[in-house]
Structures are given as structure tokens and as C-alpha cells.
$ cat work.pdb   # PDB, C-alpha atoms
ATOM      1  CA  MET A1310       5.119 -31.819   5.836
ATOM      2  CA  ARG A1311       2.434 -30.030   7.792
ATOM      3  CA  ASP A1312       2.135 -26.256   7.545
ATOM      4  CA  VAL A1313       2.706 -24.131  10.632
ATOM      5  CA  PHE A1314       1.420 -20.564  10.612
ATOM      6  CA  GLU A1315       3.673 -18.024  12.305
ATOM      7  CA  LEU A1316       1.599 -15.028  13.343
ATOM      8  CA  ARG A1317       3.435 -11.759  12.724
ATOM      9  CA  ARG A1318       2.203  -8.265  13.486
ATOM     10  CA  ASP A1319       2.793  -5.333  11.192
ATOM     11  CA  PRO A1320       4.697  -2.657  13.185
ATOM     12  CA  VAL A1321       2.810   0.183  11.484
ATOM     13  CA  THR A1322      -0.845  -0.881  11.222
ATOM     14  CA  GLY A1323      -0.903  -3.555  13.908
ATOM     15  CA  TRP A1324      -2.543  -5.976  11.464
ATOM     16  CA  TRP A1325      -1.614  -9.637  11.756
ATOM     17  CA  SER A1326      -0.422 -11.977   9.012
ATOM     18  CA  ALA A1327      -0.093 -15.763   9.099
ATOM     19  CA  ILE A1328       3.245 -16.678   7.540
ATOM     20  CA  VAL A1329       3.989 -20.270   6.522
ATOM     21  CA  THR A1330       7.537 -20.854   7.750
ATOM     22  CA  ASP A1331       7.965 -24.649   7.946
ATOM     23  CA  ARG A1332       7.677 -25.466   4.247
ATOM     24  CA  THR A1333      10.622 -26.044   1.932
ATOM     25  CA  PHE A1334       9.931 -24.161  -1.288
ATOM     26  CA  GLU A1335      11.110 -24.244  -4.817
ATOM     27  CA  HIS A1336      10.634 -20.746  -6.114
ATOM     28  CA  SER A1337       9.315 -22.254  -9.358
ATOM     29  CA  SER A1338       6.165 -23.209  -7.440
ATOM     30  CA  PHE A1339       5.370 -19.489  -7.350
ATOM     31  CA  ALA A1340       6.179 -18.836 -10.998
ATOM     32  CA  VAL A1341       3.035 -17.332 -12.521
ATOM     33  CA  ARG A1342       3.016 -15.712 -15.940
ATOM     34  CA  ALA A1343       0.926 -12.569 -16.399
ATOM     35  CA  THR A1344      -2.001 -13.127 -18.730
ATOM     36  CA  PRO A1345      -1.944 -10.496 -21.486
ATOM     37  CA  VAL A1346      -4.996  -8.357 -22.095
ATOM     38  CA  GLU A1347      -6.652  -9.725 -25.209
ATOM     39  CA  GLY A1348      -7.682  -7.590 -28.138
ATOM     40  CA  THR A1349      -7.027  -6.978 -31.809
ATOM     41  CA  HIS A1350      -6.000  -3.382 -31.357
ATOM     42  CA  CYS A1351      -5.021  -0.953 -28.601
ATOM     43  CA  ARG A1352      -7.358   1.961 -28.008
ATOM     44  CA  HIS A1353      -4.543   3.978 -26.439
ATOM     45  CA  CYS A1354      -2.537   3.641 -29.638
ATOM     46  CA  ASP A1355      -5.648   4.536 -31.656
ATOM     47  CA  GLU A1356      -6.271   7.633 -29.542
ATOM     48  CA  ASP A1357      -2.664   8.850 -29.602
ATOM     49  CA  PRO A1358      -2.529  12.201 -31.423
ATOM     50  CA  THR A1359      -0.383  12.381 -34.537
ATOM     51  CA  ASP A1360       0.685  16.001 -34.158
ATOM     52  CA  VAL A1361       3.147  15.450 -31.288
ATOM     53  CA  ASP A1362       6.542  16.988 -31.979
ATOM     54  CA  ALA A1363       8.909  14.248 -33.104
ATOM     55  CA  ALA A1364      11.560  15.327 -30.603
ATOM     56  CA  VAL A1365       9.305  14.531 -27.642
ATOM     57  CA  GLU A1366       7.057  11.857 -29.138
ATOM     58  CA  GLU A1367       9.036   8.924 -27.757
ATOM     59  CA  THR A1368       8.653  10.116 -24.137
ATOM     60  CA  ALA A1369       5.396  12.098 -24.269
ATOM     61  CA  ILE A1370       2.890  11.049 -21.594
ATOM     62  CA  ARG A1371      -0.816  11.711 -22.108
ATOM     63  CA  ARG A1372      -3.190  12.443 -19.259
ATOM     64  CA  VAL A1373      -6.581  10.924 -20.062
ATOM     65  CA  THR A1374      -9.683  11.445 -17.913
ATOM     66  CA  LEU A1375     -11.694   8.240 -17.819
ATOM     67  CA  ARG A1376     -14.393   9.495 -15.480
ATOM     68  CA  ARG A1377     -15.087  12.808 -13.781
ATOM     69  CA  ASP A1378     -17.193  12.657 -10.629
ATOM     70  CA  ALA A1379     -16.181   9.017 -10.374
ATOM     71  CA  PHE A1380     -17.477   8.379  -6.851
ATOM     72  CA  LEU A1381     -21.037   8.626  -5.505
ATOM     73  CA  GLN A1382     -21.366   8.936  -1.748
ATOM     74  CA  VAL A1383     -24.497   7.274  -0.348
ATOM     75  CA  GLU A1384     -25.763   8.383   3.043
ATOM     76  CA  PRO A1385     -25.502   5.573   5.621
ATOM     77  CA  GLY A1386     -28.638   4.317   7.288
ATOM     78  CA  ARG A1387     -30.919   4.779   4.291
ATOM     79  CA  GLU A1388     -32.933   1.767   3.214
ATOM     80  CA  PRO A1389     -31.557   0.528  -0.126
ATOM     81  CA  SER A1390     -34.874  -0.996  -1.154
ATOM     82  CA  ALA A1391     -34.078  -0.762  -4.845
ATOM     83  CA  GLN A1392     -31.325   0.456  -7.108
ATOM     84  CA  LEU A1393     -32.994   3.682  -8.269
ATOM     85  CA  PRO A1394     -33.973   4.897  -4.796
ATOM     86  CA  LEU A1395     -30.450   4.104  -3.654
ATOM     87  CA  LEU A1396     -28.944   6.207  -6.410
ATOM     88  CA  SER A1397     -31.396   9.025  -5.817
ATOM     89  CA  GLU A1398     -30.142   9.281  -2.250
ATOM     90  CA  ALA A1399     -26.561   9.660  -3.424
ATOM     91  CA  THR A1400     -24.824  12.978  -3.246
ATOM     92  CA  ALA A1401     -23.388  14.540  -6.362
ATOM     93  CA  GLY A1402     -20.507  12.613  -7.848
ATOM     94  CA  ILE A1403     -17.061  13.649  -6.685
ATOM     95  CA  GLY A1404     -13.496  12.484  -7.162
ATOM     96  CA  SER A1405     -11.927  11.410 -10.437
ATOM     97  CA  TRP A1406     -10.467   8.484 -12.382
ATOM     98  CA  GLU A1407      -7.591   9.195 -14.754
ATOM     99  CA  ILE A1408      -4.858   7.352 -16.574
ATOM    100  CA  LEU A1409      -1.365   8.395 -17.610
ATOM    101  CA  VAL A1410      -0.539   6.761 -20.927
ATOM    102  CA  ALA A1411       2.783   6.143 -22.652
ATOM    103  CA  PRO A1412       3.152   7.013 -26.374
ATOM    104  CA  ARG A1413       1.814   4.902 -29.207
ATOM    105  CA  GLY A1414       3.335   1.423 -29.473
ATOM    106  CA  HIS A1415       4.644   1.172 -25.905
ATOM    107  CA  HIS A1416       3.296  -2.148 -24.654
ATOM    108  CA  GLU A1417       6.371  -3.141 -22.673
ATOM    109  CA  ARG A1418       6.518  -3.632 -18.924
ATOM    110  CA  LEU A1419       7.530  -0.683 -16.761
ATOM    111  CA  ALA A1420      10.665  -2.676 -15.876
ATOM    112  CA  ASP A1421      11.654  -2.715 -19.544
ATOM    113  CA  ALA A1422      10.636   0.808 -20.577
ATOM    114  CA  PRO A1423      13.391   3.098 -21.893
ATOM    115  CA  PRO A1424      14.761   5.022 -18.892
ATOM    116  CA  ARG A1425      13.809   8.444 -20.316
ATOM    117  CA  LEU A1426      10.231   7.293 -20.843
ATOM    118  CA  ALA A1427       9.985   5.701 -17.409
ATOM    119  CA  VAL A1428      11.332   8.850 -15.738
ATOM    120  CA  ASN A1429       8.865  11.005 -17.648
ATOM    121  CA  LEU A1430       6.012   8.727 -16.613
ATOM    122  CA  LEU A1431       6.848   9.203 -12.918
ATOM    123  CA  ARG A1432       7.492  12.918 -13.394
ATOM    124  CA  THR A1433       4.069  13.279 -15.002
ATOM    125  CA  LEU A1434       2.586  11.265 -12.138
ATOM    126  CA  ARG A1435       4.071  13.701  -9.626
ATOM    127  CA  ASP A1436       2.869  16.762 -11.556
ATOM    128  CA  THR A1437      -0.631  15.356 -12.098
ATOM    129  CA  MET A1438      -0.966  14.491  -8.419
ATOM    130  CA  ARG A1439       0.048  18.051  -7.558
ATOM    131  CA  ALA A1440      -2.606  19.426  -9.908
ATOM    132  CA  LEU A1441      -5.333  17.109  -8.590
ATOM    133  CA  GLY A1442      -4.460  17.957  -5.006
ATOM    134  CA  ALA A1443      -4.694  21.687  -5.729
ATOM    135  CA  GLU A1444      -8.178  21.518  -7.270
ATOM    136  CA  PRO A1445     -10.925  23.285  -5.259
ATOM    137  CA  ARG A1446     -12.963  21.144  -2.892
ATOM    138  CA  GLY A1447     -15.178  21.519   0.137
ATOM    139  CA  GLU A1448     -13.594  22.822   3.304
ATOM    140  CA  GLU A1449     -14.121  19.542   5.151
ATOM    141  CA  GLU A1450     -13.670  17.228   2.149
ATOM    142  CA  PRO A1451     -10.544  15.051   2.277
ATOM    143  CA  ARG A1452      -8.867  14.036  -0.954
ATOM    144  CA  TYR A1453      -6.538  11.129  -1.468
ATOM    145  CA  ILE A1454      -4.798  10.618  -4.807
ATOM    146  CA  GLN A1455      -4.198   6.900  -5.283
ATOM    147  CA  ALA A1456      -1.683   5.853  -7.928
ATOM    148  CA  VAL A1457      -1.619   2.231  -9.118
ATOM    149  CA  GLN A1458       0.450   0.574 -11.831
ATOM    150  CA  SER A1459      -0.948  -2.836 -12.767
ATOM    151  CA  TYR A1460       0.462  -5.546 -14.986
ATOM    152  CA  GLY A1461      -1.441  -8.583 -16.281
ATOM    153  CA  MET A1462      -5.121  -9.477 -16.287
ATOM    154  CA  GLN A1463      -4.800 -11.229 -12.911
ATOM    155  CA  ALA A1464      -3.840  -7.858 -11.404
ATOM    156  CA  GLY A1465      -6.859  -6.105 -12.911
ATOM    157  CA  SER A1466      -5.094  -4.508 -15.850
ATOM    158  CA  ARG A1467      -7.468  -3.635 -18.679
ATOM    159  CA  SER A1468      -4.818  -2.734 -21.237
ATOM    160  CA  GLY A1469      -1.437  -3.986 -22.340
ATOM    161  CA  HIS A1470      -0.370  -0.381 -22.977
ATOM    162  CA  LEU A1471       2.104   1.028 -20.448
ATOM    163  CA  ASN A1472       0.156   3.255 -18.048
ATOM    164  CA  ILE A1473      -0.454   4.371 -14.466
ATOM    165  CA  GLU A1474      -3.967   4.830 -13.084
ATOM    166  CA  LEU A1475      -4.912   7.689 -10.748
ATOM    167  CA  TYR A1476      -7.967   7.861  -8.517
ATOM    168  CA  GLY A1477      -8.990  11.066  -6.749
ATOM    169  CA  ILE A1478     -10.868   9.616  -3.767
ATOM    170  CA  PRO A1479     -13.029  11.806  -1.462
ATOM    171  CA  GLN A1480     -11.802   9.967   1.627
ATOM    172  CA  VAL A1481      -8.565   8.599   3.002
ATOM    173  CA  PRO A1482      -8.464   4.830   2.313
ATOM    174  CA  HIS A1483      -8.595   2.630   5.388
ATOM    175  CA  TRP A1484      -5.161   1.121   4.712
ATOM    176  CA  VAL A1485      -3.486   4.533   4.471
ATOM    177  CA  ALA A1486      -5.434   5.860   7.463
ATOM    178  CA  GLU A1487      -4.152   2.957   9.555
ATOM    179  CA  GLU A1488      -0.609   3.728   8.416
ATOM    180  CA  ILE A1489      -1.016   7.396   9.293
ATOM    181  CA  GLY A1490      -2.255   6.497  12.757
ATOM    182  CA  GLY A1491       0.456   3.889  13.263
ATOM    183  CA  GLY A1492       3.157   6.305  12.162
ATOM    184  CA  ALA A1493       1.908   8.934  14.623
ATOM    185  CA  ARG A1494       1.787   6.445  17.495
ATOM    186  CA  HIS A1495       5.353   5.348  16.769
ATOM    187  CA  VAL A1496       6.609   8.942  16.785
ATOM    188  CA  ILE A1497       4.871   9.620  20.111
ATOM    189  CA  LYS A1498       6.349   6.460  21.614
ATOM    190  CA  THR A1499       9.884   6.537  20.202
ATOM    191  CA  ARG A1500      10.334  10.030  18.705
ATOM    192  CA  SER A1501      11.328   8.389  15.418
ATOM    193  CA  CYS A1502       9.749   7.513  12.078
ATOM    194  CA  VAL A1503       8.698   3.865  11.843
ATOM    195  CA  TRP A1504       9.561   3.639   8.115
ATOM    196  CA  CYS A1505      13.006   5.151   8.653
ATOM    197  CA  SER A1506      13.536   2.616  11.436
ATOM    198  CA  LEU A1507      12.321  -0.265   9.281
ATOM    199  CA  ALA A1508      14.559   0.668   6.352
ATOM    200  CA  HIS A1509      17.581   0.928   8.663
ATOM    201  CA  SER A1510      16.913  -2.316  10.550
ATOM    202  CA  GLU A1511      16.109  -4.348   7.421
ATOM    203  CA  GLU A1512      19.272  -3.142   5.720
ATOM    204  CA  GLU A1513      21.342  -3.912   8.795
ATOM    205  CA  ALA A1514      19.859  -7.392   9.347
ATOM    206  CA  GLY A1515      19.915  -8.290   5.671
ATOM    207  CA  ASP A1516      17.748 -11.424   5.694
ATOM    208  CA  ARG A1517      14.747  -9.645   4.138
ATOM    209  CA  LEU A1518      16.743  -7.092   2.143
ATOM    210  CA  VAL A1519      16.457  -7.099  -1.672
ATOM    211  CA  LEU A1520      18.173  -3.834  -2.667
ATOM    212  CA  ALA A1521      20.104  -1.144  -0.787
ATOM    213  CA  GLU A1522      20.640   1.833  -3.077
ATOM    214  CA  GLU A1523      21.810   5.380  -2.532
ATOM    215  CA  ARG A1524      18.316   6.794  -2.028
ATOM    216  CA  PHE A1525      16.095   3.749  -1.492
ATOM    217  CA  VAL A1526      15.899   0.530   0.490
ATOM    218  CA  VAL A1527      13.849  -2.395  -0.854
ATOM    219  CA  PHE A1528      12.830  -5.257   1.426
ATOM    220  CA  ALA A1529      10.182  -7.897   2.047
ATOM    221  CA  PRO A1530       8.163  -6.773   5.103
ATOM    222  CA  ALA A1531       8.353  -9.205   8.017
ATOM    223  CA  ALA A1532       4.549  -9.393   8.202
ATOM    224  CA  SER A1533       4.006  -9.446   4.431
ATOM    225  CA  ARG A1534       0.352  -9.905   3.558
ATOM    226  CA  SER A1535       1.042 -11.493   0.176
ATOM    227  CA  ALA A1536       3.685 -13.805  -1.281
ATOM    228  CA  PHE A1537       6.789 -11.949  -2.476
ATOM    229  CA  GLU A1538       5.421  -8.579  -1.357
ATOM    230  CA  LEU A1539       8.056  -5.832  -1.365
ATOM    231  CA  MET A1540       8.288  -2.349   0.129
ATOM    232  CA  ILE A1541      10.340   0.410  -1.507
ATOM    233  CA  VAL A1542      11.211   3.068   1.087
ATOM    234  CA  PRO A1543      13.159   6.293   0.411
ATOM    235  CA  ARG A1544      16.034   6.923   2.787
ATOM    236  CA  ALA A1545      15.204  10.628   2.981
ATOM    237  CA  HIS A1546      12.293  11.197   5.324
ATOM    238  CA  ALA A1547       9.380  12.822   3.497
ATOM    239  CA  ALA A1548       5.620  12.398   3.765
ATOM    240  CA  ASP A1549       4.566  13.545   0.310
ATOM    241  CA  PHE A1550       5.605  11.974  -2.994
ATOM    242  CA  THR A1551       4.635  15.158  -4.846
ATOM    243  CA  ALA A1552       7.420  17.070  -3.063
ATOM    244  CA  LEU A1553      10.119  15.105  -4.914
ATOM    245  CA  ASP A1554      12.400  17.043  -7.252
ATOM    246  CA  ASP A1555      13.498  15.753 -10.660
ATOM    247  CA  ASP A1556      16.655  14.098  -9.301
ATOM    248  CA  ASP A1557      14.558  12.213  -6.755
ATOM    249  CA  ILE A1558      12.150  11.137  -9.491
ATOM    250  CA  ALA A1559      15.023   9.803 -11.615
ATOM    251  CA  ALA A1560      16.413   7.836  -8.659
ATOM    252  CA  ALA A1561      12.966   6.476  -7.765
ATOM    253  CA  THR A1562      12.442   5.362 -11.351
ATOM    254  CA  ALA A1563      15.741   3.503 -11.502
ATOM    255  CA  THR A1564      15.008   1.685  -8.238
ATOM    256  CA  LEU A1565      11.486   0.784  -9.340
ATOM    257  CA  GLN A1566      12.718  -0.637 -12.640
ATOM    258  CA  ARG A1567      15.361  -2.750 -10.908
ATOM    259  CA  THR A1568      12.852  -3.963  -8.323
ATOM    260  CA  LEU A1569      10.268  -4.884 -10.951
ATOM    261  CA  GLY A1570      12.979  -6.582 -12.994
ATOM    262  CA  ALA A1571      13.736  -8.833 -10.020
ATOM    263  CA  LEU A1572      10.273 -10.364 -10.459
ATOM    264  CA  ASP A1573      11.609 -12.104 -13.571
ATOM    265  CA  GLU A1574      12.759 -14.797 -11.164
ATOM    266  CA  LEU A1575       9.051 -15.642 -10.758
ATOM    267  CA  GLY A1576       8.376 -15.956 -14.467
ATOM    268  CA  ASP A1577       7.039 -12.500 -15.437
ATOM    269  CA  PRO A1578       4.207 -12.458 -12.871
ATOM    270  CA  PRO A1579       1.218 -10.107 -12.701
ATOM    271  CA  TYR A1580       1.504  -7.416 -10.048
ATOM    272  CA  ASN A1581       0.093  -4.243  -8.515
ATOM    273  CA  LEU A1582       2.508  -1.421  -7.728
ATOM    274  CA  ILE A1583       0.862   0.896  -5.189
ATOM    275  CA  LEU A1584       1.949   4.344  -4.012
ATOM    276  CA  HIS A1585       1.237   5.359  -0.414
ATOM    277  CA  THR A1586       1.657   9.077   0.208
ATOM    278  CA  ALA A1587       0.188  11.835   2.372
ATOM    279  CA  PRO A1588      -3.382  12.896   1.555
ATOM    280  CA  ALA A1589      -3.612  16.081  -0.509
ATOM    281  CA  GLY A1590      -3.092  19.201   1.583
ATOM    282  CA  GLU A1591      -2.317  17.385   4.837
ATOM    283  CA  ARG A1592       0.911  18.167   6.702
ATOM    284  CA  LEU A1593       2.223  14.883   8.047
ATOM    285  CA  ASP A1594       5.911  15.709   7.764
ATOM    286  CA  GLN A1595       6.903  14.256  11.121
ATOM    287  CA  THR A1596       4.697  11.161  11.273
ATOM    288  CA  PHE A1597       4.301   9.735   7.754
ATOM    289  CA  HIS A1598       6.798   8.474   5.178
ATOM    290  CA  TRP A1599       5.772   7.940   1.555
ATOM    291  CA  HIS A1600       6.648   4.592  -0.012
ATOM    292  CA  TRP A1601       5.797   2.098  -2.754
ATOM    293  CA  GLU A1602       4.321  -1.337  -2.128
ATOM    294  CA  LEU A1603       4.696  -4.098  -4.717
ATOM    295  CA  HIS A1604       2.258  -7.008  -4.611
ATOM    296  CA  PRO A1605       2.784  -9.844  -7.118
ATOM    297  CA  ARG A1606      -0.542 -11.596  -7.783
ATOM    298  CA  LEU A1607       0.508 -15.218  -7.407
ATOM    299  CA  ARG A1608      -2.494 -16.911  -5.811
ATOM    300  CA  VAL A1609      -6.182 -16.594  -5.114
ATOM    301  CA  ILE A1610      -7.583 -15.592  -1.734
ATOM    302  CA  ALA A1611      -8.268 -18.772   0.244
ATOM    303  CA  GLY A1612     -11.066 -19.711   2.642
ATOM    304  CA  LEU A1613      -9.262 -18.857   5.892
ATOM    305  CA  GLU A1614      -8.554 -15.359   4.620
ATOM    306  CA  ARG A1615     -12.162 -14.806   3.541
ATOM    307  CA  ALA A1616     -13.455 -16.171   6.829
ATOM    308  CA  THR A1617     -11.192 -14.189   9.153
ATOM    309  CA  ALA A1618      -9.677 -11.297   7.126
ATOM    310  CA  LEU A1619      -6.346 -12.674   8.344
ATOM    311  CA  ALA A1620      -3.781 -12.442   5.558
ATOM    312  CA  VAL A1621      -2.135 -15.801   4.846
ATOM    313  CA  ASN A1622       1.269 -15.716   3.160
ATOM    314  CA  PRO A1623       2.549 -19.103   1.940
ATOM    315  CA  ALA A1624       6.043 -17.754   1.182
ATOM    316  CA  ALA A1625       8.072 -16.549   4.158
ATOM    317  CA  PRO A1626       9.470 -13.032   3.498
ATOM    318  CA  GLU A1627      12.978 -14.271   4.249
ATOM    319  CA  PHE A1628      12.634 -16.845   1.459
ATOM    320  CA  ALA A1629      11.097 -14.284  -0.897
ATOM    321  CA  ALA A1630      13.904 -11.785  -0.301
ATOM    322  CA  GLU A1631      16.596 -14.400  -0.902
ATOM    323  CA  VAL A1632      15.073 -15.363  -4.255
ATOM    324  CA  LEU A1633      14.501 -11.799  -5.477
ATOM    325  CA  ARG A1634      17.810 -10.481  -4.141
ATOM    326  CA  ARG A1635      19.736 -12.886  -6.367
ATOM    327  CA  GLN A1636      17.846 -11.739  -9.450
ATOM    328  CA  ALA A1637      18.123  -8.046  -8.530
ATOM    329  CA  HIS A1638      21.886  -8.267  -8.223
ATOM    330  CA  ARG A1639      22.227 -10.242 -11.441
ATOM    331  CA  ALA A1640      20.376  -7.412 -13.184
ATOM    332  CA  SER A1641      22.497  -4.666 -11.603
ATOM    333  CA  PRO A1642      24.300  -2.361 -14.057
TER     334      PRO A1642
END
$ encode --input "work.pdb" --output "C-alpha cells"
Amino acid sequence: MRDVFELRRDPVTGWWSAIVTDRTFEHSSFAVRATPVEGTHCRHCDEDPTDVDAAVEETAIRRVTLRRDAFLQVEPGREPSAQLPLLSEATAGIGSWEILVAPRGHHERLADAPPRLAVNLLRTLRDTMRALGAEPRGEEEPRYIQAVQSYGMQAGSRSGHLNIELYGIPQVPHWVAEEIGGGARHVIKTRSCVWCSLAHSEEEAGDRLVLAEERFVVFAPAASRSAFELMIVPRAHAADFTALDDDDIAAATATLQRTLGALDELGDPPYNLILHTAPAGERLDQTFHWHWELHPRLRVIAGLERATALAVNPAAPEFAAEVLRRQAHRASP
């Protein structure tokens, strides 16, 4: 059967995706097992201090700085004739690269982590992002704190130890900037938040819905840019993840673990879990809505995508949601 691409436009960014909608799928054709990170020992276990109080050892999260001044900004328009001249034209390094690490011996998936440990990991993420956002910086220097949780070598993970990576970036990433602009345009046009509207409409329609919980709605975006992509949107409108209280963190953790557990239907695939939140210090209360995006890494980027930057999704979001919804409800407590 020939493939027909259905062009769909993301309601926030305006970016287009080509969705294959005329193919009959067996979900097993998308079953990809995450490749474990090889190695004879785990450096995070080796580096774990031994003097942690036994009462907190099983949930203690360590904050490890991998690189201070992690980003070098190079002035545009300079001739990069050679590597050394290029580096000499760079400004002083700024930003940071850190990792939040679970205690010794925790090599399980986030979906399978003990609830207390998983909650503490997200609570530490919130607190670390607050601290990074409050650090002094230049008056005109933006700062975006990007949190990423990766699983499997195909997703770029460099360790089998449970962790979350944090990048303090001296600019707002293009993807987030487009979302900020799209959210503002939607508020001007409709006087409503686009993410609140999406969560409500996807829950009401149901064909792309995976989970509808007390505080979160999980669905496959209509213009998904990758196969089995999911969006986890809080019902309560808020721009900044770091403003969550401990009850919110506990609820977010439970929803994330259930959502990640639904990926078992795809055979324990590699994935990137990405947090989108307001840039540090920016007040976007009316126009932005923090959320998680989950991208299973099930295929390589093909020629059409490289040639055009048009995202091609071979699994229609409606199909993806149906498959994952069944697994999510089977795993419900």
C-alpha cells in the first residue's frame, strides 16, 4: 500500500509535520529495545559517598557539576579560518552542565524507580532549577534551564544509572522561543491558553488521549514530530515548573511513571523526556504553560527530513494513543 502524507500544523509553533495515515500498522513494527550503556562498572556508583545517613540513603539525590562555563559564545561574522583563532574570538564560557544522580545501585528506569526516590528526584530537579535561575548573570543575559531525562544509548544516554541532566543555557532555545511566541499569539487572538485548550479538547475528543488524571492530561499531539510522541500537560495553568509545591511534584511524578510505563507496549524503547518551562526570571504567567514532552527514539532521521526539515511521522498519533492507552490502563493501580 502506498504511503500518503497528511500535512498537519502544530497549533503552538506553526511547524508542519507529515503524518503517514494510510498504513495499517502492527505496533510490534515499532518495538525497539533500548541498548544499555556498556561498561564494567558505574562511575556514579563509584563516586557515591559512603557517609550518607542510612535513613536517607535510599532516596538521596546527588547534584554533580559536569562542566562549569559549559558554553562558549562565538561572535557571528568572524572568519573561522582555523580552530585556535575561532576559539580565541570566543567570549568567556558561560552556562553550566549538571546531572542529578540517584543513589548507588539504582540502574532501573524512571518508570520502575521506587515512588519515594522518583519524587525526590523531581523535587531535587525543581530545587536545583530554582538555584540555577537565581545565580547572578548579566543584566541582558537570558538563561534557560533545560532538563532532560534520557534512557538507552539510542537516546544519547551515557550511563545506565538513573539520572536527570540539566543544562544552564545562555539563550532561550529556538523550540521554546517558538512556543513562547505561539502561546502569546494564541492569547491575543482567543484570550485563552493554547495548552489549556489542547488538554481540554484532547480529553474531550479522546482519540489521541492516553491518560486523564486529576492534575495532568497525557495525549499524542495531532502534529506529532516523532512516532509515539506524547505531551504531558498540567491541568492547572502555570508557566514555571519551579513554582510547583511538593504535592504537585508528587502528582507529576506519578503521572510521569505511568506514562513511561506505557512505553512497555513498544518493548522497552529508548526515549528522551524533555521539560519545557519558562526561562529563568521571565514572567510569562498568562501566555506560557509548562509541560513535559516524551519522544521515544524508534527510528533514524530519513532523507526527506534532512532535505526539508519537515518532520515525518510514520505512526499516526491516533494509532499511537490507542496502543499506549491500553498499556497505561492495564498498568493503572
$ closest_residue --input "work.pdb" --among "A:Arg1317, A:Arg1524, A:Arg1567, A:Arg1452" --to "Ser1405 in chain A" --atoms "all atoms listed in the file"
A:Arg1452
$ atom_distance --input "work.pdb" --atom1 "CA of Ala1531 in chain A" --atom2 "CA of Ala1616 in chain A"
22.9 Å
$ resolve_selection --input "work.pdb" --expression "the PyMOL selection byres ((chain A and resi 1407) around 9)" --output "number ranges by chain"
A: 1372-1377, 1405-1406, 1408-1409, 1473-1477
$ residues_around --input "work.pdb" --residues "Gln1566 in chain A" --least-positions-apart "4" --cutoff "8 Å" --atoms "only C-alpha atoms" --output "number ranges by chain"
A: 1419-1421, 1562, 1570
$ closest_residue --input "work.pdb" --among "A:Glu1315, A:Asp1378, A:Glu1574, A:Glu1356" --to "Ala1532 in chain A" --atoms "all atoms listed in the file"
A:Glu1315
$ residues_around --input "work.pdb" --residues "Phe1528 in chain A" --least-positions-apart "4" --cutoff "9 Å" --atoms "all atoms listed in the file" --output "NGL selection string"
:A and (1508 or 1511-1512 or 1515-1521 or 1538-1542 or 1626 or 1630)
$ closest_residue --input "work.pdb" --among "A:His1350, A:Ala1545, A:Val1481, A:Ala1620" --to "Leu1316 in chain A" --atoms "all atoms listed in the file"
A:Ala1620
$ closest_residue --input "work.pdb" --among "A:Arg1494, A:Arg1608, A:His1415, A:Arg1544" --to "Ser1468 in chain A" --atoms "all atoms listed in the file"
A:His1415
$ atom_distance --input "work.pdb" --atom1 "CA of Cys1351 in chain A" --atom2 "CA of Leu1471 in chain A"
11.0 Å
$ resolve_selection --input "work.pdb" --expression "the PyMOL selection byres ((chain A and resi 1489) around 9)" --output "list of chain:residue names"
A:Val1321, A:Thr1322, A:Trp1484, A:Val1485, A:Ala1486, A:Glu1487, A:Glu1488, A:Gly1490, A:Gly1491, A:Gly1492, A:Ala1493, A:Arg1494, A:Ala1587, A:Leu1593, A:Thr1596, A:Phe1597, A:His1598
$ closest_residue --input "work.pdb" --among "A:Ile1558, A:Ile1478, A:Ala1618, A:Leu1507" --to "Gly1442 in chain A" --atoms "only C-alpha atoms"
A:Ile1478
$ resolve_selection --input "work.pdb" --expression "the PyMOL selection byres ((chain A and resi 1575) around 10)" --output "JSON, numbers by chain"
{"A": [1336, 1337, 1338, 1339, 1340, 1341, 1342, 1537, 1571, 1572, 1573, 1574, 1576, 1577, 1578, 1579, 1605, 1607, 1632, 1633, 1636]}
$ residues_around --input "work.pdb" --residues "Leu1582 in chain A" --least-positions-apart "6" --cutoff "9 Å" --atoms "all atoms listed in the file" --output "ChimeraX atom specification"
/A:1456-1460,1601-1605
$ atom_distance --input "work.pdb" --atom1 "CA of Pro1543 in chain A" --atom2 "CA of His1600 in chain A"
6.7 Å
